[in-house]
Amino acid sequence: MLLTRIKGPRDLDRLSQEELDQLAAEIRSFLVDAVSKTGGHLGPNLGVVELTIALHRVFDSPKDKVLFDTGHQAYVHKLLTGRQDFAGLRSKGGLSGYPSRAESDHDVIENSHASTVLGWADGLAKANEVLGREDHHVAAVIGDGALTGGMAWEALNNIAAAKDRPLVIVVNDNERSYGPTIGGLANHLATLRTTDGYERFLARGKELLERTPVVGKPLFETLHGAKKGLKDFIAPQGMFEDLGLKYIGPIDGHDIEALESALTRAKRFSGPVIVHCLTQKGRGYTHAEQDEADRFHGIGPIHPDTGLPVKTAAASWTSVFADEMVKLGHERADIVGITAAMLHPVGLKKFADTFPDRIYDVGIAEQHAATSAAGLATGGVHPVFAVYATFLNRAFDQVLMDVALHKCGVTFVLDRAGVTGDDGASHNGMWDMSILQVVPGLRLAAPRDAEQLRAQLREAVEVKDAPTVVRYSKGVVGPAVPAVGKIGGMDVLRAPGADVARPDVLLVSVGALAPMCLEIADLLDKQGISTTVVDPRWVKPVDEALAPLAERHRVVVTVEDNGRTGGVGSAVAQALRDAGVDVPLRDFGIPQRFLDHALRKEIMAEIGLTAPDIARQVTGLVAKLDGRYDSEPAAAVD
């Protein structure tokens, strides 16, 4: 096989055109076989095989910087840069599902949040200029979906201002992000994609005029010199050229020879160039090509022959939200949905199918989504913006200054909150309960099970004068966790016997960690430590009944699937101080560091967020209070 002979990009230089085509076929076969076993981003990578080969033949990575926006499409790049062991893809100790600086000098960006690549490219090109590195080049690959993001256009505005600073922007145009790309830019690219009138006109004119004696060549040169006006008339490439960006394309993104020619011309140019490549997401794998939802954008393990999942998916948090949104839509005509190019992943597809006039896909533009939601709320409807928890970080200022300051009734539904695992550091939703704590008036719910998700979503959309947030985990929703009582607005999940005058521990359970907290209480009970377990349901603001309840216990313990700094534990501690309740408190959560990719349970074990680990530390704390230990037990997870 040719693929096994590729140890680095320069090994591609020796291959003939026929061998390059064979290599492309081998890569597609490898991807289908490997990713069907592990799961991962299959469709995007099948679409960029030839493009990635051409990039690495034209540019000399890692001296030249080849950048990928989001990194969904970097598997082929990994294969061509010496990383062909995909057995542990997205697993602990295996390859990351995104570019990773720890893996290779060929990887530059690993944050996997969309629309950032052009900002990176602008900075790298400027650094080359400042340091006089004329033999260094920058090539940035951005999809048409990511190009809808505001950051991309902020960068383009700056890139275009430096007409003599070399930079190659490769637009990977497959008409999709997860689903079909939407909006004005998408329509513009569609026009470019389908308009070949100019090229046909110019080619035919050259053929005819060059046959004309004496005047033919001067006439053709005059005609070619007028290409700007002709292009504006026949095809609207002018939008990019009016920005000051040289435009090459559209190019067949599956023709290696054509791609190399275009990229070589772009590389030689002394200013910024856009190379517009037309690719097909999922190319070469029939099941992906025929998948209308997302062309197998991200898959779990599948049967490669059928494309069907190896395991039948159980009910997920996302599916519970999806069904409840449809019910709410039937009950209330003022409920609308908003997504940032993730209609299927966040569970709004059913709502969109049922209420097509009440769904808004704004593209990869979380900031715009939040401010648009404020406008919708001000206009008299109640928007529900469903987004991954990690991506709400991008819209913090809009949540604070547009939604909260104006007391707008907007509900943010945060999917994939807490430790998500195999997508790595940038996808763990471990920041939301910390950054949102500072937003005045905002109310934040963390449901513990499906029943509570339904109930708290309904409670959230009833709020008309403040932002509300409902956050839940990735994956399968756990079993129902019934309450045995209520104190204030909090559910009591476990209470000590009536004969216990002052229980030892008040355990504050946040969200989906309720089953683990009940397990902790069981372990403590075996050590003779009495425990009350409460679920606040709404973790912001802190329930007024919590401080008096804490005062009746010897120690308070909080457990959350969020960063410890500024999280629920910090808010509870502040509430106790404000109430003058002087009770020892231990907060358990996610340490404030970027976590490597692994299974969720492996990460939870690594950071000590398990029932045995927490029970051991709480036991030590209670023993110290009893005077049985002379020294402080092991510190809480940090």
# chains A, B, ... in the order shown; residues from 1 in each chain; ligands from 1

call {"tool": "residues_around", "arguments": {"residues": "Asn428 of chain A", "least_positions_apart": "3", "cutoff": "7 Å", "atoms": "only C-alpha atoms", "output": "PDB file with C-alpha atoms, in the first residue's frame"}}
result
ATOM      1  CA  THR A 390     -18.595  25.019  25.659  1.00  0.00           C
ATOM      2  CA  ALA A 417     -22.374  20.289  30.032  1.00  0.00           C
ATOM      3  CA  GLY A 418     -19.650  18.968  32.320  1.00  0.00           C
ATOM      4  CA  VAL A 419     -17.060  16.371  31.327  1.00  0.00           C
ATOM      5  CA  THR A 420     -17.755  15.250  27.765  1.00  0.00           C
ATOM      6  CA  GLY A 421     -14.661  13.097  27.325  1.00  0.00           C
ATOM      7  CA  GLY A 424     -10.972  16.674  24.356  1.00  0.00           C
ATOM      8  CA  ALA A 425     -10.166  19.875  26.203  1.00  0.00           C
TER       9      ALA A 425
END

call {"tool": "residues_around", "arguments": {"residues": "Gly589 of chain A", "least_positions_apart": "2", "cutoff": "8 Å", "atoms": "only C-alpha atoms", "output": "JSON, numbers by chain"}}
result
{"A": [559, 560, 561, 562, 563, 564, 587, 591, 609, 637]}

call {"tool": "atom_distance", "arguments": {"atom1": "atom CA of Ala293 of chain A", "atom2": "atom CA of Val326 of chain A"}}
result
18.9 Å

call {"tool": "residues_around", "arguments": {"residues": "Asp255 of chain A", "least_positions_apart": "5", "cutoff": "10 Å", "atoms": "only C-alpha atoms", "output": "list in words"}}
result
Asp21, Glu50, Leu51, Ala54, Glu260, Cys277, Leu278 and Thr279 of chain A

call {"tool": "write_last_selection", "arguments": {"atoms": "N, CA and C atoms", "output": "mmCIF file, in the first residue's frame"}}
result
data_model
loop_
_atom_site.group_PDB
_atom_site.id
_atom_site.type_symbol
_atom_site.label_atom_id
_atom_site.label_comp_id
_atom_site.auth_asym_id
_atom_site.auth_seq_id
_atom_site.Cartn_x
_atom_site.Cartn_y
_atom_site.Cartn_z
ATOM 1 N N ASP A 21 -3.779 9.475 -7.014
ATOM 2 C CA ASP A 21 -5.184 9.054 -7.046
ATOM 3 C C ASP A 21 -5.371 7.739 -6.296
ATOM 4 N N GLU A 50 -8.315 14.728 -1.253
ATOM 5 C CA GLU A 50 -7.480 15.301 -2.318
ATOM 6 C C GLU A 50 -6.968 16.689 -1.933
ATOM 7 N N LEU A 51 -7.815 17.470 -1.269
ATOM 8 C CA LEU A 51 -7.411 18.819 -0.866
ATOM 9 C C LEU A 51 -6.225 18.762 0.092
ATOM 10 N N ALA A 54 -3.028 17.778 -1.760
ATOM 11 C CA ALA A 54 -2.516 18.911 -2.539
ATOM 12 C C ALA A 54 -1.861 19.951 -1.632
ATOM 13 N N GLU A 260 -3.470 21.492 -6.970
ATOM 14 C CA GLU A 260 -2.054 21.865 -6.880
ATOM 15 C C GLU A 260 -1.767 23.104 -7.715
ATOM 16 N N CYS A 277 -12.579 25.996 -3.114
ATOM 17 C CA CYS A 277 -12.597 24.589 -3.508
ATOM 18 C C CYS A 277 -13.965 23.972 -3.249
ATOM 19 N N LEU A 278 -14.483 23.280 -4.228
ATOM 20 C CA LEU A 278 -15.778 22.612 -4.092
ATOM 21 C C LEU A 278 -15.547 21.154 -3.749
ATOM 22 N N THR A 279 -16.005 20.731 -2.570
ATOM 23 C CA THR A 279 -15.822 19.352 -2.132
ATOM 24 C C THR A 279 -17.158 18.729 -1.769
#

call {"tool": "closest_residue", "arguments": {"among": "A:Pro166, A:Gly441, A:Gly380, A:Gly8", "to": "Ser270 of chain A", "atoms": "only C-alpha atoms"}}
result
A:Pro166

call {"tool": "closest_residue", "arguments": {"among": "A:Ile256, A:Val76, A:Val542, A:Leu55", "to": "Glu18 of chain A", "atoms": "only C-alpha atoms"}}
result
A:Ile256

call {"tool": "select_by_dssp", "arguments": {"residues": "segment 512-550 of chain A", "states": "helix (DSSP H, G or I)", "output": "PyMOL selection string"}}
result
chain A and resi 512-526+546-550

call {"tool": "atom_distance", "arguments": {"atom1": "atom CA of Gly329 of chain A", "atom2": "atom CA of Leu343 of chain A"}}
result
16.0 Å

call {"tool": "select_by_dssp", "arguments": {"residues": "segment 388-525 of chain A", "states": "strand (DSSP E or B)", "output": "PyMOL selection string"}}
result
chain A and resi 388+411-415+418+429+443-445+468-471+476+485-487+490-494+505-509

call {"tool": "residues_around", "arguments": {"residues": "Phe588 of chain A", "least_positions_apart": "2", "cutoff": "12 Å", "atoms": "only C-alpha atoms", "output": "PDB file with N, CA, C and O atoms, in the first residue's frame"}}
result
ATOM      1  N   LEU A 507     -25.012  17.133  51.943  1.00  0.00           N
ATOM      2  CA  LEU A 507     -24.412  16.906  50.625  1.00  0.00           C
ATOM      3  C   LEU A 507     -25.280  17.587  49.568  1.00  0.00           C
ATOM      4  O   LEU A 507     -26.437  17.204  49.361  1.00  0.00           O
ATOM      5  N   VAL A 508     -24.736  18.611  48.912  1.00  0.00           N
ATOM      6  CA  VAL A 508     -25.459  19.360  47.879  1.00  0.00           C
ATOM      7  C   VAL A 508     -25.097  18.766  46.528  1.00  0.00           C
ATOM      8  O   VAL A 508     -23.973  18.905  46.040  1.00  0.00           O
ATOM      9  N   SER A 509     -26.062  18.098  45.914  1.00  0.00           N
ATOM     10  CA  SER A 509     -25.858  17.389  44.653  1.00  0.00           C
ATOM     11  C   SER A 509     -26.296  18.278  43.494  1.00  0.00           C
ATOM     12  O   SER A 509     -27.401  18.816  43.494  1.00  0.00           O
ATOM     13  N   VAL A 510     -25.441  18.421  42.484  1.00  0.00           N
ATOM     14  CA  VAL A 510     -25.747  19.288  41.343  1.00  0.00           C
ATOM     15  C   VAL A 510     -25.988  18.454  40.089  1.00  0.00           C
ATOM     16  O   VAL A 510     -25.112  17.714  39.632  1.00  0.00           O
ATOM     17  N   LEU A 513     -25.200  14.404  38.675  1.00  0.00           N
ATOM     18  CA  LEU A 513     -24.364  13.678  39.631  1.00  0.00           C
ATOM     19  C   LEU A 513     -25.162  13.138  40.814  1.00  0.00           C
ATOM     20  O   LEU A 513     -24.583  12.580  41.742  1.00  0.00           O
ATOM     21  N   CYS A 517     -24.000  11.015  44.157  1.00  0.00           N
ATOM     22  CA  CYS A 517     -24.099  11.593  45.504  1.00  0.00           C
ATOM     23  C   CYS A 517     -24.843  10.659  46.451  1.00  0.00           C
ATOM     24  O   CYS A 517     -24.498  10.555  47.638  1.00  0.00           O
ATOM     25  N   VAL A 556     -20.685  20.863  55.263  1.00  0.00           N
ATOM     26  CA  VAL A 556     -21.378  20.944  53.976  1.00  0.00           C
ATOM     27  C   VAL A 556     -20.423  20.478  52.876  1.00  0.00           C
ATOM     28  O   VAL A 556     -19.251  20.870  52.850  1.00  0.00           O
ATOM     29  N   VAL A 557     -20.938  19.670  51.960  1.00  0.00           N
ATOM     30  CA  VAL A 557     -20.161  19.174  50.822  1.00  0.00           C
ATOM     31  C   VAL A 557     -20.953  19.452  49.542  1.00  0.00           C
ATOM     32  O   VAL A 557     -22.147  19.152  49.476  1.00  0.00           O
ATOM     33  N   THR A 558     -20.301  20.063  48.560  1.00  0.00           N
ATOM     34  CA  THR A 558     -20.947  20.279  47.255  1.00  0.00           C
ATOM     35  C   THR A 558     -20.238  19.426  46.209  1.00  0.00           C
ATOM     36  O   THR A 558     -19.015  19.275  46.237  1.00  0.00           O
ATOM     37  N   VAL A 559     -21.012  18.879  45.282  1.00  0.00           N
ATOM     38  CA  VAL A 559     -20.466  18.038  44.214  1.00  0.00           C
ATOM     39  C   VAL A 559     -21.065  18.506  42.896  1.00  0.00           C
ATOM     40  O   VAL A 559     -22.294  18.469  42.716  1.00  0.00           O
ATOM     41  N   GLU A 560     -20.195  18.941  41.973  1.00  0.00           N
ATOM     42  CA  GLU A 560     -20.688  19.480  40.704  1.00  0.00           C
ATOM     43  C   GLU A 560     -19.812  19.040  39.539  1.00  0.00           C
ATOM     44  O   GLU A 560     -18.619  18.786  39.692  1.00  0.00           O
ATOM     45  N   ASP A 561     -20.412  18.973  38.373  1.00  0.00           N
ATOM     46  CA  ASP A 561     -19.732  18.612  37.132  1.00  0.00           C
ATOM     47  C   ASP A 561     -19.366  19.913  36.406  1.00  0.00           C
ATOM     48  O   ASP A 561     -19.832  20.193  35.303  1.00  0.00           O
ATOM     49  N   ASN A 562     -18.533  20.719  37.048  1.00  0.00           N
ATOM     50  CA  ASN A 562     -18.160  22.048  36.573  1.00  0.00           C
ATOM     51  C   ASN A 562     -16.843  22.412  37.239  1.00  0.00           C
ATOM     52  O   ASN A 562     -16.460  21.817  38.248  1.00  0.00           O
ATOM     53  N   GLY A 563     -16.140  23.359  36.698  1.00  0.00           N
ATOM     54  CA  GLY A 563     -14.908  23.804  37.321  1.00  0.00           C
ATOM     55  C   GLY A 563     -15.143  24.301  38.739  1.00  0.00           C
ATOM     56  O   GLY A 563     -16.150  24.958  39.022  1.00  0.00           O
ATOM     57  N   ARG A 564     -14.206  23.991  39.647  1.00  0.00           N
ATOM     58  CA  ARG A 564     -14.388  24.379  41.049  1.00  0.00           C
ATOM     59  C   ARG A 564     -14.293  25.889  41.238  1.00  0.00           C
ATOM     60  O   ARG A 564     -14.974  26.454  42.093  1.00  0.00           O
ATOM     61  N   THR A 565     -13.454  26.555  40.453  1.00  0.00           N
ATOM     62  CA  THR A 565     -13.278  27.992  40.624  1.00  0.00           C
ATOM     63  C   THR A 565     -14.526  28.734  40.171  1.00  0.00           C
ATOM     64  O   THR A 565     -14.896  28.688  38.996  1.00  0.00           O
ATOM     65  N   GLY A 567     -17.597  28.103  40.794  1.00  0.00           N
ATOM     66  CA  GLY A 567     -18.746  27.259  40.498  1.00  0.00           C
ATOM     67  C   GLY A 567     -19.796  27.289  41.596  1.00  0.00           C
ATOM     68  O   GLY A 567     -19.854  28.211  42.425  1.00  0.00           O
ATOM     69  N   VAL A 568     -20.617  26.247  41.616  1.00  0.00           N
ATOM     70  CA  VAL A 568     -21.711  26.181  42.582  1.00  0.00           C
ATOM     71  C   VAL A 568     -21.170  26.133  44.009  1.00  0.00           C
ATOM     72  O   VAL A 568     -21.707  26.777  44.921  1.00  0.00           O
ATOM     73  N   GLY A 569     -20.091  25.385  44.215  1.00  0.00           N
ATOM     74  CA  GLY A 569     -19.499  25.316  45.551  1.00  0.00           C
ATOM     75  C   GLY A 569     -19.087  26.681  46.060  1.00  0.00           C
ATOM     76  O   GLY A 569     -19.328  27.028  47.230  1.00  0.00           O
ATOM     77  N   SER A 570     -18.506  27.486  45.193  1.00  0.00           N
ATOM     78  CA  SER A 570     -18.109  28.841  45.581  1.00  0.00           C
ATOM     79  C   SER A 570     -19.327  29.693  45.916  1.00  0.00           C
ATOM     80  O   SER A 570     -19.309  30.478  46.875  1.00  0.00           O
ATOM     81  N   LEU A 585     -16.903  23.700  54.838  1.00  0.00           N
ATOM     82  CA  LEU A 585     -17.442  23.335  53.522  1.00  0.00           C
ATOM     83  C   LEU A 585     -16.328  22.768  52.661  1.00  0.00           C
ATOM     84  O   LEU A 585     -15.213  23.294  52.640  1.00  0.00           O
ATOM     85  N   ARG A 586     -16.617  21.692  51.947  1.00  0.00           N
ATOM     86  CA  ARG A 586     -15.703  21.124  50.956  1.00  0.00           C
ATOM     87  C   ARG A 586     -16.431  21.067  49.617  1.00  0.00           C
ATOM     88  O   ARG A 586     -17.548  20.558  49.527  1.00  0.00           O
ATOM     89  N   ILE A 590     -14.529  19.864  38.967  1.00  0.00           N
ATOM     90  CA  ILE A 590     -13.492  19.648  37.960  1.00  0.00           C
ATOM     91  C   ILE A 590     -12.326  20.608  38.221  1.00  0.00           C
ATOM     92  O   ILE A 590     -12.556  21.800  38.426  1.00  0.00           O
ATOM     93  N   PRO A 591     -11.104  20.117  38.228  1.00  0.00           N
ATOM     94  CA  PRO A 591      -9.965  21.016  38.417  1.00  0.00           C
ATOM     95  C   PRO A 591      -9.848  21.992  37.245  1.00  0.00           C
ATOM     96  O   PRO A 591     -10.234  21.688  36.117  1.00  0.00           O
ATOM     97  N   GLN A 592      -9.315  23.183  37.526  1.00  0.00           N
ATOM     98  CA  GLN A 592      -9.208  24.210  36.487  1.00  0.00           C
ATOM     99  C   GLN A 592      -7.978  23.970  35.623  1.00  0.00           C
ATOM    100  O   GLN A 592      -6.987  24.699  35.673  1.00  0.00           O
ATOM    101  N   MET A 604     -13.294  11.215  35.004  1.00  0.00           N
ATOM    102  CA  MET A 604     -13.847  11.399  36.350  1.00  0.00           C
ATOM    103  C   MET A 604     -12.986  10.691  37.386  1.00  0.00           C
ATOM    104  O   MET A 604     -12.740  11.211  38.482  1.00  0.00           O
ATOM    105  N   ILE A 607      -9.619  12.669  37.918  1.00  0.00           N
ATOM    106  CA  ILE A 607      -9.697  13.915  38.694  1.00  0.00           C
ATOM    107  C   ILE A 607     -10.307  13.699  40.078  1.00  0.00           C
ATOM    108  O   ILE A 607     -10.522  14.663  40.820  1.00  0.00           O
ATOM    109  N   GLY A 608     -10.575  12.446  40.421  1.00  0.00           N
ATOM    110  CA  GLY A 608     -11.077  12.152  41.763  1.00  0.00           C
ATOM    111  C   GLY A 608     -12.535  12.476  41.964  1.00  0.00           C
ATOM    112  O   GLY A 608     -12.989  12.617  43.115  1.00  0.00           O
ATOM    113  N   LEU A 609     -13.298  12.575  40.890  1.00  0.00           N
ATOM    114  CA  LEU A 609     -14.718  12.900  41.006  1.00  0.00           C
ATOM    115  C   LEU A 609     -15.529  11.606  40.915  1.00  0.00           C
ATOM    116  O   LEU A 609     -16.319  11.387  39.996  1.00  0.00           O
ATOM    117  N   THR A 610     -15.307  10.731  41.919  1.00  0.00           N
ATOM    118  CA  THR A 610     -16.024   9.465  42.017  1.00  0.00           C
ATOM    119  C   THR A 610     -16.525   9.310  43.447  1.00  0.00           C
ATOM    120  O   THR A 610     -16.008   9.941  44.377  1.00  0.00           O
ATOM    121  N   ALA A 611     -17.505   8.440  43.629  1.00  0.00           N
ATOM    122  CA  ALA A 611     -18.082   8.248  44.958  1.00  0.00           C
ATOM    123  C   ALA A 611     -17.053   7.782  45.987  1.00  0.00           C
ATOM    124  O   ALA A 611     -16.973   8.344  47.093  1.00  0.00           O
ATOM    125  N   ASP A 613     -13.781   8.185  46.056  1.00  0.00           N
ATOM    126  CA  ASP A 613     -12.795   9.229  46.334  1.00  0.00           C
ATOM    127  C   ASP A 613     -13.384  10.310  47.236  1.00  0.00           C
ATOM    128  O   ASP A 613     -12.745  10.760  48.204  1.00  0.00           O
ATOM    129  N   ILE A 614     -14.582  10.731  46.921  1.00  0.00           N
ATOM    130  CA  ILE A 614     -15.200  11.806  47.705  1.00  0.00           C
ATOM    131  C   ILE A 614     -15.573  11.309  49.100  1.00  0.00           C
ATOM    132  O   ILE A 614     -15.349  11.997  50.104  1.00  0.00           O
ATOM    133  N   ALA A 615     -16.131  10.107  49.171  1.00  0.00           N
ATOM    134  CA  ALA A 615     -16.506   9.552  50.477  1.00  0.00           C
ATOM    135  C   ALA A 615     -15.286   9.425  51.391  1.00  0.00           C
ATOM    136  O   ALA A 615     -15.368   9.687  52.607  1.00  0.00           O
ATOM    137  N   GLN A 617     -12.583  11.301  51.408  1.00  0.00           N
ATOM    138  CA  GLN A 617     -12.170  12.619  51.913  1.00  0.00           C
ATOM    139  C   GLN A 617     -13.172  13.164  52.936  1.00  0.00           C
ATOM    140  O   GLN A 617     -12.780  13.788  53.928  1.00  0.00           O
ATOM    141  N   VAL A 618     -14.446  12.936  52.698  1.00  0.00           N
ATOM    142  CA  VAL A 618     -15.451  13.410  53.651  1.00  0.00           C
ATOM    143  C   VAL A 618     -15.327  12.654  54.969  1.00  0.00           C
ATOM    144  O   VAL A 618     -15.453  13.237  56.060  1.00  0.00           O
ATOM    145  N   ALA A 635      -6.613  16.891  50.635  1.00  0.00           N
ATOM    146  CA  ALA A 635      -7.376  18.049  50.157  1.00  0.00           C
ATOM    147  C   ALA A 635      -8.402  17.622  49.119  1.00  0.00           C
ATOM    148  O   ALA A 635      -8.264  16.592  48.464  1.00  0.00           O
ATOM    149  N   ALA A 636      -9.418  18.467  48.979  1.00  0.00           N
ATOM    150  CA  ALA A 636     -10.413  18.219  47.934  1.00  0.00           C
ATOM    151  C   ALA A 636      -9.753  18.325  46.577  1.00  0.00           C
ATOM    152  O   ALA A 636      -8.675  18.886  46.426  1.00  0.00           O
ATOM    153  N   VAL A 637     -10.419  17.771  45.563  1.00  0.00           N
ATOM    154  CA  VAL A 637      -9.872  17.751  44.211  1.00  0.00           C
ATOM    155  C   VAL A 637      -9.475  19.150  43.787  1.00  0.00           C
ATOM    156  O   VAL A 637     -10.235  20.086  43.928  1.00  0.00           O
ATOM    157  N   ASP A 638      -8.284  19.292  43.277  1.00  0.00           N
ATOM    158  CA  ASP A 638      -7.814  20.627  42.882  1.00  0.00           C
ATOM    159  C   ASP A 638      -7.091  20.548  41.561  1.00  0.00           C
ATOM    160  O   ASP A 638      -6.688  19.511  41.136  1.00  0.00           O
TER     161      ASP A 638
END

call {"tool": "residues_around", "arguments": {"residues": "segment 123-136 of chain A", "least_positions_apart": "2", "cutoff": "6 Å", "atoms": "only C-alpha atoms", "output": "ChimeraX atom specification"}}
result
/A:64,120-121

call {"tool": "write_last_selection", "arguments": {"atoms": "C-alpha atoms", "output": "PDB file, in the first residue's frame"}}
result
ATOM      1  CA  ASP A  64       4.889  26.518   6.326  1.00  0.00           C
ATOM      2  CA  TRP A 120      -4.640  32.718  13.636  1.00  0.00           C
ATOM      3  CA  ALA A 121      -3.514  32.982  10.014  1.00  0.00           C
TER       4      ALA A 121
END

call {"tool": "closest_residue", "arguments": {"among": "A:Met516, A:Ile364, A:Val505, A:Ala25", "to": "Ala340 of chain A", "atoms": "only C-alpha atoms"}}
result
A:Ile364

call {"tool": "residues_around", "arguments": {"residues": "Ile338 of chain A", "least_positions_apart": "5", "cutoff": "7 Å", "atoms": "only C-alpha atoms", "output": "VMD selection string"}}
result
chain A and resid 359 to 361 369 383 to 386

call {"tool": "write_last_selection", "arguments": {"atoms": "N, CA and C atoms", "output": "PDB file, in the first residue's frame"}}
result
ATOM      1  N   ILE A 359     -38.239  28.482  13.785  1.00  0.00           N
ATOM      2  CA  ILE A 359     -36.876  28.031  14.046  1.00  0.00           C
ATOM      3  C   ILE A 359     -35.918  28.925  13.277  1.00  0.00           C
ATOM      4  N   TYR A 360     -34.812  29.292  13.926  1.00  0.00           N
ATOM      5  CA  TYR A 360     -33.835  30.177  13.307  1.00  0.00           C
ATOM      6  C   TYR A 360     -32.440  29.579  13.447  1.00  0.00           C
ATOM      7  N   ASP A 361     -31.856  29.216  12.306  1.00  0.00           N
ATOM      8  CA  ASP A 361     -30.471  28.758  12.284  1.00  0.00           C
ATOM      9  C   ASP A 361     -29.624  29.943  11.839  1.00  0.00           C
ATOM     10  N   ALA A 369     -26.587  34.965  17.818  1.00  0.00           N
ATOM     11  CA  ALA A 369     -27.746  34.203  18.293  1.00  0.00           C
ATOM     12  C   ALA A 369     -28.268  34.777  19.606  1.00  0.00           C
ATOM     13  N   PRO A 383     -37.605  33.055  23.046  1.00  0.00           N
ATOM     14  CA  PRO A 383     -36.645  32.226  22.326  1.00  0.00           C
ATOM     15  C   PRO A 383     -35.953  31.210  23.234  1.00  0.00           C
ATOM     16  N   VAL A 384     -35.728  30.025  22.682  1.00  0.00           N
ATOM     17  CA  VAL A 384     -34.944  28.984  23.349  1.00  0.00           C
ATOM     18  C   VAL A 384     -33.725  28.729  22.473  1.00  0.00           C
ATOM     19  N   PHE A 385     -32.571  29.148  22.950  1.00  0.00           N
ATOM     20  CA  PHE A 385     -31.324  28.997  22.205  1.00  0.00           C
ATOM     21  C   PHE A 385     -30.603  27.766  22.731  1.00  0.00           C
ATOM     22  N   ALA A 386     -30.585  26.703  21.926  1.00  0.00           N
ATOM     23  CA  ALA A 386     -29.926  25.451  22.318  1.00  0.00           C
ATOM     24  C   ALA A 386     -28.524  25.424  21.732  1.00  0.00           C
TER      25      ALA A 386
END

call {"tool": "decode", "arguments": {"residues": "segment 592-596 of chain A", "atoms": "all heavy atoms", "output": "mmCIF file, in the first residue's frame"}}
result
data_model
loop_
_atom_site.group_PDB
_atom_site.id
_atom_site.type_symbol
_atom_site.label_atom_id
_atom_site.label_comp_id
_atom_site.auth_asym_id
_atom_site.auth_seq_id
_atom_site.Cartn_x
_atom_site.Cartn_y
_atom_site.Cartn_z
ATOM 1 N N GLN A 592 -9.315 23.183 37.526
ATOM 2 C CA GLN A 592 -9.208 24.210 36.487
ATOM 3 C C GLN A 592 -7.978 23.970 35.623
ATOM 4 O O GLN A 592 -6.987 24.699 35.673
ATOM 5 C CB GLN A 592 -9.166 25.589 37.126
ATOM 6 C CG GLN A 592 -10.388 25.945 37.925
ATOM 7 C CD GLN A 592 -11.688 25.931 37.123
ATOM 8 O OE1 GLN A 592 -12.758 25.719 37.673
ATOM 9 N NE2 GLN A 592 -11.604 26.169 35.827
ATOM 10 N N ARG A 593 -8.059 22.922 34.843
ATOM 11 C CA ARG A 593 -7.005 22.658 33.868
ATOM 12 C C ARG A 593 -7.653 22.037 32.633
ATOM 13 O O ARG A 593 -8.785 21.559 32.681
ATOM 14 C CB ARG A 593 -5.942 21.730 34.443
ATOM 15 C CG ARG A 593 -6.398 20.306 34.732
ATOM 16 C CD ARG A 593 -5.206 19.419 35.105
ATOM 17 N NE ARG A 593 -5.564 18.015 35.214
ATOM 18 C CZ ARG A 593 -5.816 17.381 36.343
ATOM 19 N NH1 ARG A 593 -5.766 18.044 37.495
ATOM 20 N NH2 ARG A 593 -6.119 16.087 36.358
ATOM 21 N N PHE A 594 -6.951 22.078 31.520
ATOM 22 C CA PHE A 594 -7.480 21.480 30.296
ATOM 23 C C PHE A 594 -7.288 19.978 30.362
ATOM 24 O O PHE A 594 -6.177 19.485 30.602
ATOM 25 C CB PHE A 594 -6.787 22.076 29.074
ATOM 26 C CG PHE A 594 -7.075 23.540 28.877
ATOM 27 C CD1 PHE A 594 -6.080 24.479 29.060
ATOM 28 C CD2 PHE A 594 -8.349 23.962 28.549
ATOM 29 C CE1 PHE A 594 -6.344 25.834 28.888
ATOM 30 C CE2 PHE A 594 -8.627 25.317 28.379
ATOM 31 C CZ PHE A 594 -7.627 26.252 28.541
ATOM 32 N N LEU A 595 -8.367 19.243 30.153
ATOM 33 C CA LEU A 595 -8.363 17.797 30.332
ATOM 34 C C LEU A 595 -8.155 17.078 29.004
ATOM 35 O O LEU A 595 -8.806 17.396 28.006
ATOM 36 C CB LEU A 595 -9.685 17.351 30.948
ATOM 37 C CG LEU A 595 -10.082 18.041 32.259
ATOM 38 C CD1 LEU A 595 -11.487 17.619 32.676
ATOM 39 C CD2 LEU A 595 -9.074 17.729 33.354
ATOM 40 N N ASP A 596 -7.265 16.104 28.987
ATOM 41 C CA ASP A 596 -7.020 15.325 27.778
ATOM 42 C C ASP A 596 -8.234 14.468 27.430
ATOM 43 O O ASP A 596 -9.059 14.148 28.282
ATOM 44 C CB ASP A 596 -5.802 14.413 27.969
ATOM 45 C CG ASP A 596 -4.508 15.202 28.053
ATOM 46 O OD1 ASP A 596 -4.461 16.323 27.514
ATOM 47 O OD2 ASP A 596 -3.543 14.703 28.673
#
